[in-house]
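Printed here is start.cif (mmCIF, C-alpha atoms):
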data_final
#
loop_
_atom_site.group_PDB
_atom_site.id
_atom_site.type_symbol
_atom_site.label_atom_id
_atom_site.label_comp_id
_atom_site.auth_asym_id
_atom_site.auth_seq_id
_atom_site.Cartn_x
_atom_site.Cartn_y
_atom_site.Cartn_z
ATOM 1 C CA MET R 199 -40.733 42.113 14.341
ATOM 2 C CA LEU R 200 -39.159 45.270 15.691
ATOM 3 C CA ASP R 201 -36.636 44.959 18.532
ATOM 4 C CA GLU R 202 -38.013 41.761 20.080
ATOM 5 C CA ALA R 203 -34.740 40.357 21.448
ATOM 6 C CA ALA R 204 -36.399 39.704 24.805
ATOM 7 C CA ALA R 205 -38.989 37.375 23.305
ATOM 8 C CA ILE R 206 -38.048 36.016 19.904
ATOM 9 C CA ALA R 207 -35.927 33.025 20.963
ATOM 10 C CA GLY R 208 -38.619 31.777 23.346
ATOM 11 C CA VAL R 209 -41.363 32.254 20.773
ATOM 12 C CA LEU R 210 -39.478 30.262 18.153
ATOM 13 C CA ALA R 211 -38.550 27.532 20.627
ATOM 14 C CA ALA R 212 -42.276 26.941 21.205
ATOM 15 C CA MET R 213 -43.115 26.599 17.494
ATOM 16 C CA PRO R 214 -45.108 23.381 16.894
ATOM 17 C CA ASP R 215 -43.706 20.606 14.739
ATOM 18 C CA GLY R 216 -44.501 21.058 11.080
ATOM 19 C CA TYR R 217 -44.703 24.847 11.252
ATOM 20 C CA ARG R 218 -42.007 26.776 9.359
ATOM 21 C CA PRO R 219 -41.360 30.130 11.051
ATOM 22 C CA ILE R 220 -40.811 33.220 8.925
ATOM 23 C CA VAL R 221 -39.721 36.255 10.909
ATOM 24 C CA VAL R 222 -39.992 39.654 9.245
ATOM 25 C CA ASP R 223 -37.539 42.191 10.601
ATOM 26 C CA ASN R 224 -38.963 45.698 10.342
ATOM 27 C CA GLY R 225 -35.787 47.567 11.233
ATOM 28 C CA SER R 226 -34.579 46.070 14.523
ATOM 29 C CA THR R 227 -31.408 47.398 16.106
ATOM 30 C CA ASP R 228 -31.174 45.010 19.088
ATOM 31 C CA GLY R 229 -29.931 41.880 17.329
ATOM 32 C CA SER R 230 -33.382 40.289 17.010
ATOM 33 C CA PRO R 231 -32.791 39.073 13.423
ATOM 34 C CA ASP R 232 -29.622 37.205 14.436
ATOM 35 C CA LEU R 233 -31.443 35.551 17.332
ATOM 36 C CA ALA R 234 -34.284 34.512 15.048
ATOM 37 C CA ARG R 235 -31.910 33.124 12.455
ATOM 38 C CA ALA R 236 -29.996 31.194 15.115
ATOM 39 C CA ALA R 237 -33.289 29.694 16.275
ATOM 40 C CA GLY R 238 -33.955 28.323 12.802
ATOM 41 C CA ALA R 239 -36.308 30.929 11.347
ATOM 42 C CA LEU R 240 -36.229 32.297 7.837
ATOM 43 C CA VAL R 241 -35.576 36.005 8.367
ATOM 44 C CA VAL R 242 -36.972 38.478 5.854
ATOM 45 C CA HIS R 243 -35.995 42.142 6.015
ATOM 46 C CA GLU R 244 -38.683 44.744 5.288
ATOM 47 C CA PRO R 245 -37.256 48.291 5.465
ATOM 48 C CA VAL R 246 -40.652 49.988 5.104
ATOM 49 C CA ARG R 247 -42.056 50.432 8.593
ATOM 50 C CA GLY R 248 -45.589 49.276 9.270
ATOM 51 C CA PHE R 249 -47.510 46.241 10.462
ATOM 52 C CA GLY R 250 -49.046 45.658 7.058
ATOM 53 C CA ALA R 251 -45.704 46.044 5.298
ATOM 54 C CA ALA R 252 -44.144 43.400 7.549
ATOM 55 C CA CYS R 253 -47.060 40.966 7.146
ATOM 56 C CA SER R 254 -47.058 41.447 3.383
ATOM 57 C CA ALA R 255 -43.354 40.666 3.228
ATOM 58 C CA GLY R 256 -43.896 37.504 5.240
ATOM 59 C CA LEU R 257 -46.741 36.447 2.971
ATOM 60 C CA ALA R 258 -44.554 36.969 -0.097
ATOM 61 C CA ALA R 259 -41.887 34.715 1.410
ATOM 62 C CA ALA R 260 -44.311 31.939 2.377
ATOM 63 C CA THR R 261 -44.773 28.840 0.242
ATOM 64 C CA ASP R 262 -47.137 26.659 2.287
ATOM 65 C CA GLU R 263 -50.802 26.394 1.348
ATOM 66 C CA VAL R 264 -51.980 27.692 4.737
ATOM 67 C CA VAL R 265 -50.231 30.616 6.414
ATOM 68 C CA CYS R 266 -50.491 31.907 9.969
ATOM 69 C CA PHE R 267 -49.704 35.301 11.446
ATOM 70 C CA MET R 268 -48.864 36.194 15.036
ATOM 71 C CA ASP R 269 -46.946 38.755 17.082
ATOM 72 C CA ALA R 270 -43.437 37.779 18.139
ATOM 73 C CA ASP R 271 -43.433 39.676 21.437
ATOM 74 C CA GLY R 272 -44.319 36.736 23.694
ATOM 75 C CA SER R 273 -47.936 37.772 24.211
ATOM 76 C CA LEU R 274 -49.159 34.855 22.097
ATOM 77 C CA ASP R 275 -48.044 31.229 22.292
ATOM 78 C CA PRO R 276 -47.182 29.410 19.038
ATOM 79 C CA VAL R 277 -48.528 26.247 20.680
ATOM 80 C CA ASP R 278 -51.986 27.620 19.847
ATOM 81 C CA LEU R 279 -51.305 27.904 16.107
ATOM 82 C CA PRO R 280 -52.768 24.442 15.276
ATOM 83 C CA LEU R 281 -55.956 25.427 17.090
ATOM 84 C CA VAL R 282 -56.266 28.496 14.859
ATOM 85 C CA ALA R 283 -55.143 26.822 11.643
ATOM 86 C CA GLY R 284 -57.188 23.653 12.153
ATOM 87 C CA PRO R 285 -60.536 24.881 10.767
ATOM 88 C CA VAL R 286 -58.771 26.288 7.686
ATOM 89 C CA THR R 287 -56.818 23.112 6.917
ATOM 90 C CA ALA R 288 -59.997 21.065 7.482
ATOM 91 C CA GLY R 289 -61.935 23.202 5.030
ATOM 92 C CA GLU R 290 -64.350 24.384 7.708
ATOM 93 C CA ALA R 291 -63.401 28.094 7.534
ATOM 94 C CA ASP R 292 -61.597 30.443 5.172
ATOM 95 C CA LEU R 293 -60.208 32.786 7.824
ATOM 96 C CA VAL R 294 -59.768 32.055 11.526
ATOM 97 C CA LEU R 295 -58.953 34.715 14.109
ATOM 98 C CA GLY R 296 -57.538 33.949 17.530
ATOM 99 C CA THR R 297 -59.740 35.798 20.000
ATOM 100 C CA ARG R 298 -57.526 37.016 22.822
ATOM 101 C CA ILE R 299 -58.428 35.855 26.328
ATOM 102 C CA ALA R 300 -56.230 38.145 28.359
ATOM 103 C CA THR R 301 -54.513 37.376 31.625
ATOM 104 C CA ARG R 302 -54.090 40.127 34.184
ATOM 105 C CA GLY R 303 -52.012 43.020 32.861
ATOM 106 C CA ALA R 304 -51.803 41.694 29.312
ATOM 107 C CA TRP R 305 -54.200 44.082 27.605
ATOM 108 C CA PRO R 306 -54.072 47.792 28.595
ATOM 109 C CA PRO R 307 -57.541 49.313 29.121
ATOM 110 C CA HIS R 308 -57.142 51.846 26.298
ATOM 111 C CA ALA R 309 -56.205 49.106 23.828
ATOM 112 C CA ARG R 310 -59.091 46.890 24.955
ATOM 113 C CA LEU R 311 -61.526 49.794 24.573
ATOM 114 C CA ALA R 312 -60.204 50.635 21.111
ATOM 115 C CA ASN R 313 -60.660 47.025 20.023
ATOM 116 C CA ARG R 314 -64.238 47.048 21.294
ATOM 117 C CA VAL R 315 -65.020 50.278 19.418
ATOM 118 C CA VAL R 316 -63.579 48.969 16.149
ATOM 119 C CA THR R 317 -65.368 45.596 16.331
ATOM 120 C CA SER R 318 -68.650 47.344 17.188
ATOM 121 C CA GLU R 319 -68.311 49.652 14.200
ATOM 122 C CA LEU R 320 -67.400 46.698 12.003
ATOM 123 C CA ARG R 321 -70.601 44.959 13.064
ATOM 124 C CA ARG R 322 -72.670 48.101 12.407
ATOM 125 C CA ARG R 323 -71.265 48.527 8.911
ATOM 126 C CA THR R 324 -71.050 44.911 7.763
ATOM 127 C CA GLY R 325 -73.137 42.809 10.158
ATOM 128 C CA LEU R 326 -70.055 40.758 11.000
ATOM 129 C CA ALA R 327 -70.003 40.069 14.735
ATOM 130 C CA LEU R 328 -66.454 39.525 15.967
ATOM 131 C CA ARG R 329 -65.214 39.751 19.530
ATOM 132 C CA ASP R 330 -61.663 40.654 18.584
ATOM 133 C CA LEU R 331 -59.409 41.546 15.665
ATOM 134 C CA GLY R 332 -56.756 39.229 17.000
ATOM 135 C CA PRO R 333 -53.252 39.249 15.510
ATOM 136 C CA MET R 334 -53.029 35.435 15.545
ATOM 137 C CA ARG R 335 -54.840 34.214 12.450
ATOM 138 C CA ALA R 336 -54.779 31.581 9.725
ATOM 139 C CA VAL R 337 -55.775 31.697 6.067
ATOM 140 C CA ARG R 338 -54.950 30.031 2.753
ATOM 141 C CA ARG R 339 -51.964 31.764 1.191
ATOM 142 C CA GLN R 340 -53.245 32.138 -2.363
ATOM 143 C CA ALA R 341 -56.690 33.214 -1.228
ATOM 144 C CA LEU R 342 -55.128 36.002 0.850
ATOM 145 C CA ILE R 343 -52.979 37.110 -2.066
ATOM 146 C CA ASP R 344 -56.078 37.204 -4.253
ATOM 147 C CA LEU R 345 -57.837 39.535 -1.796
ATOM 148 C CA GLY R 346 -55.564 42.329 -3.049
ATOM 149 C CA MET R 347 -54.622 43.836 0.303
ATOM 150 C CA THR R 348 -53.232 47.375 0.016
ATOM 151 C CA ASP R 349 -52.798 48.746 3.550
ATOM 152 C CA ARG R 350 -49.227 48.711 4.827
ATOM 153 C CA ARG R 351 -49.820 50.255 8.240
ATOM 154 C CA PHE R 352 -51.975 49.238 11.190
ATOM 155 C CA GLY R 353 -55.185 48.961 9.190
ATOM 156 C CA TRP R 354 -53.975 45.700 7.652
ATOM 157 C CA PRO R 355 -55.679 43.307 10.142
ATOM 158 C CA LEU R 356 -59.026 45.039 9.679
ATOM 159 C CA GLU R 357 -58.652 45.318 5.914
ATOM 160 C CA MET R 358 -58.203 41.549 5.738
ATOM 161 C CA VAL R 359 -61.456 40.976 7.622
ATOM 162 C CA VAL R 360 -63.391 43.563 5.603
ATOM 163 C CA ARG R 361 -62.215 42.195 2.262
ATOM 164 C CA ALA R 362 -62.840 38.613 3.398
ATOM 165 C CA GLU R 363 -66.399 39.473 4.437
ATOM 166 C CA ARG R 364 -67.041 41.154 1.090
ATOM 167 C CA ALA R 365 -65.725 38.064 -0.699
ATOM 168 C CA GLY R 366 -68.169 35.847 1.183
ATOM 169 C CA TRP R 367 -65.520 34.034 3.220
ATOM 170 C CA ARG R 368 -66.389 31.891 6.200
ATOM 171 C CA ILE R 369 -64.814 33.726 9.138
ATOM 172 C CA ALA R 370 -64.458 32.016 12.498
ATOM 173 C CA GLU R 371 -62.975 32.769 15.909
ATOM 174 C CA VAL R 372 -61.252 30.527 18.438
ATOM 175 C CA ASP R 373 -60.110 31.550 21.900
ATOM 176 C CA VAL R 374 -56.369 31.845 22.555
ATOM 177 C CA PRO R 375 -54.578 32.936 25.746
ATOM 178 C CA TYR R 376 -53.086 36.431 25.713
ATOM 179 C CA ARG R 377 -50.388 37.250 28.240
ATOM 180 C CA PRO R 378 -48.171 40.252 29.044
ATOM 181 C CA ARG R 379 -45.609 40.791 26.310
ATOM 182 C CA ASP R 380 -41.871 40.571 26.866
ATOM 183 C CA GLY R 381 -40.063 43.902 26.639
ATOM 184 C CA ARG R 382 -41.468 47.348 25.864
ATOM 185 C CA SER R 383 -44.582 47.681 23.748
ATOM 186 C CA LYS R 384 -44.300 49.920 20.720
ATOM 187 C CA VAL R 385 -47.869 49.881 19.427
ATOM 188 C CA THR R 386 -51.090 49.096 21.311
ATOM 189 C CA GLY R 387 -49.266 48.971 24.634
ATOM 190 C CA THR R 388 -48.853 52.741 24.387
ATOM 191 C CA LEU R 389 -51.578 55.354 24.115
ATOM 192 C CA ARG R 390 -49.888 56.936 21.102
ATOM 193 C CA GLY R 391 -49.618 53.590 19.329
ATOM 194 C CA THR R 392 -53.255 52.784 20.058
ATOM 195 C CA VAL R 393 -54.407 56.145 18.666
ATOM 196 C CA ARG R 394 -52.375 55.564 15.513
ATOM 197 C CA THR R 395 -53.863 52.083 15.108
ATOM 198 C CA VAL R 396 -57.421 53.365 15.568
ATOM 199 C CA GLN R 397 -56.791 56.098 13.003
ATOM 200 C CA ASP R 398 -55.586 53.575 10.453
ATOM 201 C CA MET R 399 -58.490 51.231 11.134
ATOM 202 C CA GLY R 400 -60.919 54.140 11.019
ATOM 203 C CA ARG R 401 -59.718 54.910 7.518
ATOM 204 C CA ILE R 402 -60.485 51.316 6.515
ATOM 205 C CA LEU R 403 -63.960 51.469 8.066
ATOM 206 C CA ARG R 404 -64.848 54.772 6.395
ATOM 207 C CA ALA R 405 -64.148 53.140 3.048
ATOM 208 C CA THR R 406 -66.445 50.211 3.876
#
Once more with this new file: its structure as structure tokens, please.
Amino acid sequence: MLDEAAAIAGVLAAMPDGYRPIVVDNGSTDGSPDLARAAGALVVHEPVRGFGAACSAGLAAATDEVVCFMDADGSLDPVDLPLVAGPVTAGEADLVLGTRIATRGAWPPHARLANRVVTSELRRRTGLALRDLGPMRAVRRQALIDLGMTDRRFGWPLEMVVRAERAGWRIAEVDVPYRPRDGRSKVTGTLRGTVRTVQDMGRILRAT
């Protein structure tokens, strides 16, 4: 989480029963951590900027057998977490990705195109056919730790999939609604952020 004051309270209010929210603050200056704490979340501070750094800090703080990841900007609804986590908890899949079904204006064309390019290249290099590298996902905590993830930037979501495929994991997708985020986008909502993400993911793919 980085400066998500416009969304964080609403996201946490929608958290399903039985799910313990861990919010990783990646250097917010808008009071987001206080809002998250007031809403009942465990707040972890990660001073090193980067999507992978924040997710890794959240994983280190988690204690449940199955962990979920999602953006806290309001673009994804926590109500859908059981849908994503269900196949993992049932033993039917090792990693489940929430494939984003975007409403109008939710997914900028440049970000959608970048996602298509990355998933196409992933299929060419590994044979793994995914429609999306969605940020909402579920996996068993210890299994993810054992994968030995190293990326701390925007290649982290792709690195997880690549390492999981190499390890022979069962990877599944389920559709989840994707809506316009609350507040200003700092990553894929901007052309600069999308280019940076593609560069990081390209580095992961070249090593595949």
Where does the PyMOL selection byres ((chain R and resi 208) around 12) land in this file, that is, which residues does it pick, as a CSV table (one decimal) with C-alpha atoms, keeping the file's coordinate frame?
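Saved result, selection_4.csv, follows:
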chain,number,residue,atom,x,y,z
R,202,GLU,CA,-38.0,41.8,20.1
R,203,ALA,CA,-34.7,40.4,21.4
R,204,ALA,CA,-36.4,39.7,24.8
R,205,ALA,CA,-39.0,37.4,23.3
R,206,ILE,CA,-38.0,36.0,19.9
R,207,ALA,CA,-35.9,33.0,21.0
R,209,VAL,CA,-41.4,32.3,20.8
R,210,LEU,CA,-39.5,30.3,18.2
R,211,ALA,CA,-38.6,27.5,20.6
R,212,ALA,CA,-42.3,26.9,21.2
R,213,MET,CA,-43.1,26.6,17.5
R,230,SER,CA,-33.4,40.3,17.0
R,233,LEU,CA,-31.4,35.6,17.3
R,234,ALA,CA,-34.3,34.5,15.0
R,236,ALA,CA,-30.0,31.2,15.1
R,237,ALA,CA,-33.3,29.7,16.3
R,270,ALA,CA,-43.4,37.8,18.1
R,271,ASP,CA,-43.4,39.7,21.4
R,272,GLY,CA,-44.3,36.7,23.7
R,273,SER,CA,-47.9,37.8,24.2
R,274,LEU,CA,-49.2,34.9,22.1
R,275,ASP,CA,-48.0,31.2,22.3
R,276,PRO,CA,-47.2,29.4,19.0
R,277,VAL,CA,-48.5,26.2,20.7
R,379,ARG,CA,-45.6,40.8,26.3
R,380,ASP,CA,-41.9,40.6,26.9
| query | Applied to the shown file, which residues does the PyMOL selection byres ((chain R and resi 290) around 12) return, written as a PyMOL selection string? | reply | chain R and resi 282-289+291-294+337+367-371
| Contacts of Asp201 in chain R at 9 Å or less, counting only C-alpha atoms, minus same-chain residues fewer than 4 places along, as a ChimeraX atom specification? | /R:223-231,381
Could you write out that same residue set with C-alpha atoms as a PDB file, keeping the file's coordinate frame?
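As written to disk, result_3.pdb reads:
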ATOM      1  CA  ASP R 223     -37.539  42.191  10.601  1.00  0.00           C
ATOM      2  CA  ASN R 224     -38.963  45.698  10.342  1.00  0.00           C
ATOM      3  CA  GLY R 225     -35.787  47.567  11.233  1.00  0.00           C
ATOM      4  CA  SER R 226     -34.579  46.070  14.523  1.00  0.00           C
ATOM      5  CA  THR R 227     -31.408  47.398  16.106  1.00  0.00           C
ATOM      6  CA  ASP R 228     -31.174  45.010  19.088  1.00  0.00           C
ATOM      7  CA  GLY R 229     -29.931  41.880  17.329  1.00  0.00           C
ATOM      8  CA  SER R 230     -33.382  40.289  17.010  1.00  0.00           C
ATOM      9  CA  PRO R 231     -32.791  39.073  13.423  1.00  0.00           C
ATOM     10  CA  GLY R 381     -40.063  43.902  26.639  1.00  0.00           C
TER      11      GLY R 381
END
Please write out, as lines of an AutoDock Vina configuration file, where the centre of an axis-aligned box around all listed atoms of range 399-404 of chain R lies and how long its edges are, in Å to one decimal, after adding 6 Å on each side.
center_x = -61.7
center_y = 53.1
center_z = 8.8
size_x = 18.4
size_y = 15.7
size_z = 16.7
| request: Excluding Pro280 in chain R and any residue of its chain fewer than 6 positions from it, enumerate the residues within 12 Å of it, using all atoms listed in the file, and give them as a PyMOL selection string. | output: chain R and resi 213-217+264-267+286-288+294+296+334-336+372+374
| query | In Å, with one decimal, what is the gap from CA of Arg351 in chain R to CA of Arg310 in chain R? | reply | 19.4 Å
| task | State, in Å with one decimal place, the distance from CA of Thr324 in chain R to CA of Gly400 in chain R. | result |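 Answer for the CA of Thr324 in chain R to CA of Gly400 in chain R separation: 14.1 Å.
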| message | Nearest residue to Leu356 in chain R out of R:Arg247, R:Arg235, R:Arg401, R:Arg338, using all atoms listed in the file? | response |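 Of R:Arg247, R:Arg235, R:Arg401, R:Arg338, the one nearest Leu356 in chain R, counting all atoms listed in the file, is R:Arg401.
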| said: Just to confirm, what's the straight-line distance from CA of Arg298 in chain R to CA of Pro245 in chain R in Å (one decimal)? | reply: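 That distance, rounded to one decimal, is 29.0 Å.
Using all atoms listed in the file for every distance, the candidate list R:Asp278, R:Leu320, R:Arg339, R:Gly325 yields R:Arg339 as the residue closest to Ala259 in chain R.
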| said: When you count all atoms listed in the file, which of these residues is closest to Ala251 in chain R: R:Asp373, R:Asp349, R:Asp398, R:Glu357? | reply: R:Asp349
| field | Using only C-alpha atoms: which of R:Thr297, R:Thr348, R:Ser254, R:Asn313 has the shortest distance to Gly332 in chain R | value |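 Nearest candidate to Gly332 in chain R out of R:Thr297, R:Thr348, R:Ser254, R:Asn313: R:Thr297.
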List the spatial neighbours of Leu345 in chain R as a PDB file with C-alpha atoms, in the coordinates of the input - criterion: any atom at most 8 Å away, only C-alpha atoms, same-chain residues fewer than 2 positions off excluded.
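Dumped to result.pdb:
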ATOM      1  CA  ALA R 341     -56.690  33.214  -1.228  1.00  0.00           C
ATOM      2  CA  LEU R 342     -55.128  36.002   0.850  1.00  0.00           C
ATOM      3  CA  ILE R 343     -52.979  37.110  -2.066  1.00  0.00           C
ATOM      4  CA  MET R 347     -54.622  43.836   0.303  1.00  0.00           C
ATOM      5  CA  MET R 358     -58.203  41.549   5.738  1.00  0.00           C
ATOM      6  CA  ARG R 361     -62.215  42.195   2.262  1.00  0.00           C
ATOM      7  CA  ALA R 362     -62.840  38.613   3.398  1.00  0.00           C
TER       8      ALA R 362
END
Run the PyMOL selection byres ((chain R and resi 302) around 12) against the file shown and list the residues it catches, as a PDB file with C-alpha atoms, in the frame of the given file.
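After the write, part-v3.pdb holds the following:
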ATOM      1  CA  SER R 273     -47.936  37.772  24.211  1.00  0.00           C
ATOM      2  CA  ILE R 299     -58.428  35.855  26.328  1.00  0.00           C
ATOM      3  CA  ALA R 300     -56.230  38.145  28.359  1.00  0.00           C
ATOM      4  CA  THR R 301     -54.513  37.376  31.625  1.00  0.00           C
ATOM      5  CA  GLY R 303     -52.012  43.020  32.861  1.00  0.00           C
ATOM      6  CA  ALA R 304     -51.803  41.694  29.312  1.00  0.00           C
ATOM      7  CA  TRP R 305     -54.200  44.082  27.605  1.00  0.00           C
ATOM      8  CA  PRO R 306     -54.072  47.792  28.595  1.00  0.00           C
ATOM      9  CA  PRO R 307     -57.541  49.313  29.121  1.00  0.00           C
ATOM     10  CA  PRO R 375     -54.578  32.936  25.746  1.00  0.00           C
ATOM     11  CA  TYR R 376     -53.086  36.431  25.713  1.00  0.00           C
ATOM     12  CA  ARG R 377     -50.388  37.250  28.240  1.00  0.00           C
ATOM     13  CA  PRO R 378     -48.171  40.252  29.044  1.00  0.00           C
ATOM     14  CA  ARG R 379     -45.609  40.791  26.310  1.00  0.00           C
TER      15      ARG R 379
END
| Counting all atoms listed in the file, what is within 7 Å of Arg350 in chain R, bar same-chain residues fewer than 4 positions away, as a list in words? |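 Neighbouring residues, sequence-local ones excluded: Gly248, Phe249, Gly250, Ala251 and Trp354 of chain R.
Compared by their closest atoms to Ala260 in chain R, and using only C-alpha atoms, the residues R:Val222, R:Leu200, R:Leu295, R:Val360 rank with R:Val222 nearest.
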| said: Considering all atoms listed in the file, can you say which of R:Ala365, R:Val315, R:Val241, R:Leu328 comes closest to Met399 in chain R? | reply: R:Val315
Restore N, CA and C atoms in range 307-325 of chain R and list the result as a PDB file, in the frame of the given file.
ATOM      1  N   PRO R 307     -56.131  48.912  29.282  1.00  0.00           N
ATOM      2  CA  PRO R 307     -57.541  49.313  29.121  1.00  0.00           C
ATOM      3  C   PRO R 307     -57.804  50.117  27.851  1.00  0.00           C
ATOM      4  N   HIS R 308     -56.888  51.027  27.486  1.00  0.00           N
ATOM      5  CA  HIS R 308     -57.142  51.846  26.298  1.00  0.00           C
ATOM      6  C   HIS R 308     -57.123  50.999  25.027  1.00  0.00           C
ATOM      7  N   ALA R 309     -56.263  49.977  25.000  1.00  0.00           N
ATOM      8  CA  ALA R 309     -56.205  49.106  23.828  1.00  0.00           C
ATOM      9  C   ALA R 309     -57.444  48.207  23.760  1.00  0.00           C
ATOM     10  N   ARG R 310     -57.887  47.729  24.907  1.00  0.00           N
ATOM     11  CA  ARG R 310     -59.091  46.890  24.955  1.00  0.00           C
ATOM     12  C   ARG R 310     -60.314  47.692  24.498  1.00  0.00           C
ATOM     13  N   LEU R 311     -60.409  48.943  24.966  1.00  0.00           N
ATOM     14  CA  LEU R 311     -61.526  49.794  24.573  1.00  0.00           C
ATOM     15  C   LEU R 311     -61.495  50.078  23.081  1.00  0.00           C
ATOM     16  N   ALA R 312     -60.322  50.360  22.548  1.00  0.00           N
ATOM     17  CA  ALA R 312     -60.204  50.635  21.111  1.00  0.00           C
ATOM     18  C   ALA R 312     -60.638  49.432  20.295  1.00  0.00           C
ATOM     19  N   ASN R 313     -60.263  48.241  20.724  1.00  0.00           N
ATOM     20  CA  ASN R 313     -60.660  47.025  20.023  1.00  0.00           C
ATOM     21  C   ASN R 313     -62.175  46.865  20.042  1.00  0.00           C
ATOM     22  N   ARG R 314     -62.779  47.175  21.172  1.00  0.00           N
ATOM     23  CA  ARG R 314     -64.238  47.048  21.294  1.00  0.00           C
ATOM     24  C   ARG R 314     -64.944  48.039  20.365  1.00  0.00           C
ATOM     25  N   VAL R 315     -64.415  49.257  20.287  1.00  0.00           N
ATOM     26  CA  VAL R 315     -65.020  50.278  19.418  1.00  0.00           C
ATOM     27  C   VAL R 315     -64.936  49.849  17.952  1.00  0.00           C
ATOM     28  N   VAL R 316     -63.771  49.355  17.549  1.00  0.00           N
ATOM     29  CA  VAL R 316     -63.579  48.969  16.149  1.00  0.00           C
ATOM     30  C   VAL R 316     -64.465  47.777  15.779  1.00  0.00           C
ATOM     31  N   THR R 317     -64.536  46.762  16.650  1.00  0.00           N
ATOM     32  CA  THR R 317     -65.368  45.596  16.331  1.00  0.00           C
ATOM     33  C   THR R 317     -66.853  45.962  16.319  1.00  0.00           C
ATOM     34  N   SER R 318     -67.255  46.899  17.182  1.00  0.00           N
ATOM     35  CA  SER R 318     -68.650  47.344  17.188  1.00  0.00           C
ATOM     36  C   SER R 318     -68.988  48.075  15.898  1.00  0.00           C
ATOM     37  N   GLU R 319     -68.079  48.921  15.444  1.00  0.00           N
ATOM     38  CA  GLU R 319     -68.311  49.652  14.200  1.00  0.00           C
ATOM     39  C   GLU R 319     -68.292  48.708  13.001  1.00  0.00           C
ATOM     40  N   LEU R 320     -67.428  47.698  13.066  1.00  0.00           N
ATOM     41  CA  LEU R 320     -67.400  46.698  12.003  1.00  0.00           C
ATOM     42  C   LEU R 320     -68.743  45.982  11.919  1.00  0.00           C
ATOM     43  N   ARG R 321     -69.305  45.636  13.056  1.00  0.00           N
ATOM     44  CA  ARG R 321     -70.601  44.959  13.064  1.00  0.00           C
ATOM     45  C   ARG R 321     -71.692  45.875  12.521  1.00  0.00           C
ATOM     46  N   ARG R 322     -71.648  47.155  12.881  1.00  0.00           N
ATOM     47  CA  ARG R 322     -72.670  48.101  12.407  1.00  0.00           C
ATOM     48  C   ARG R 322     -72.620  48.258  10.893  1.00  0.00           C
ATOM     49  N   ARG R 323     -71.418  48.264  10.341  1.00  0.00           N
ATOM     50  CA  ARG R 323     -71.265  48.527   8.911  1.00  0.00           C
ATOM     51  C   ARG R 323     -71.413  47.277   8.043  1.00  0.00           C
ATOM     52  N   THR R 324     -71.050  46.120   8.588  1.00  0.00           N
ATOM     53  CA  THR R 324     -71.050  44.911   7.763  1.00  0.00           C
ATOM     54  C   THR R 324     -71.955  43.799   8.283  1.00  0.00           C
ATOM     55  N   GLY R 325     -72.360  43.881   9.551  1.00  0.00           N
ATOM     56  CA  GLY R 325     -73.137  42.809  10.158  1.00  0.00           C
ATOM     57  C   GLY R 325     -72.283  41.680  10.689  1.00  0.00           C
TER      58      GLY R 325
END
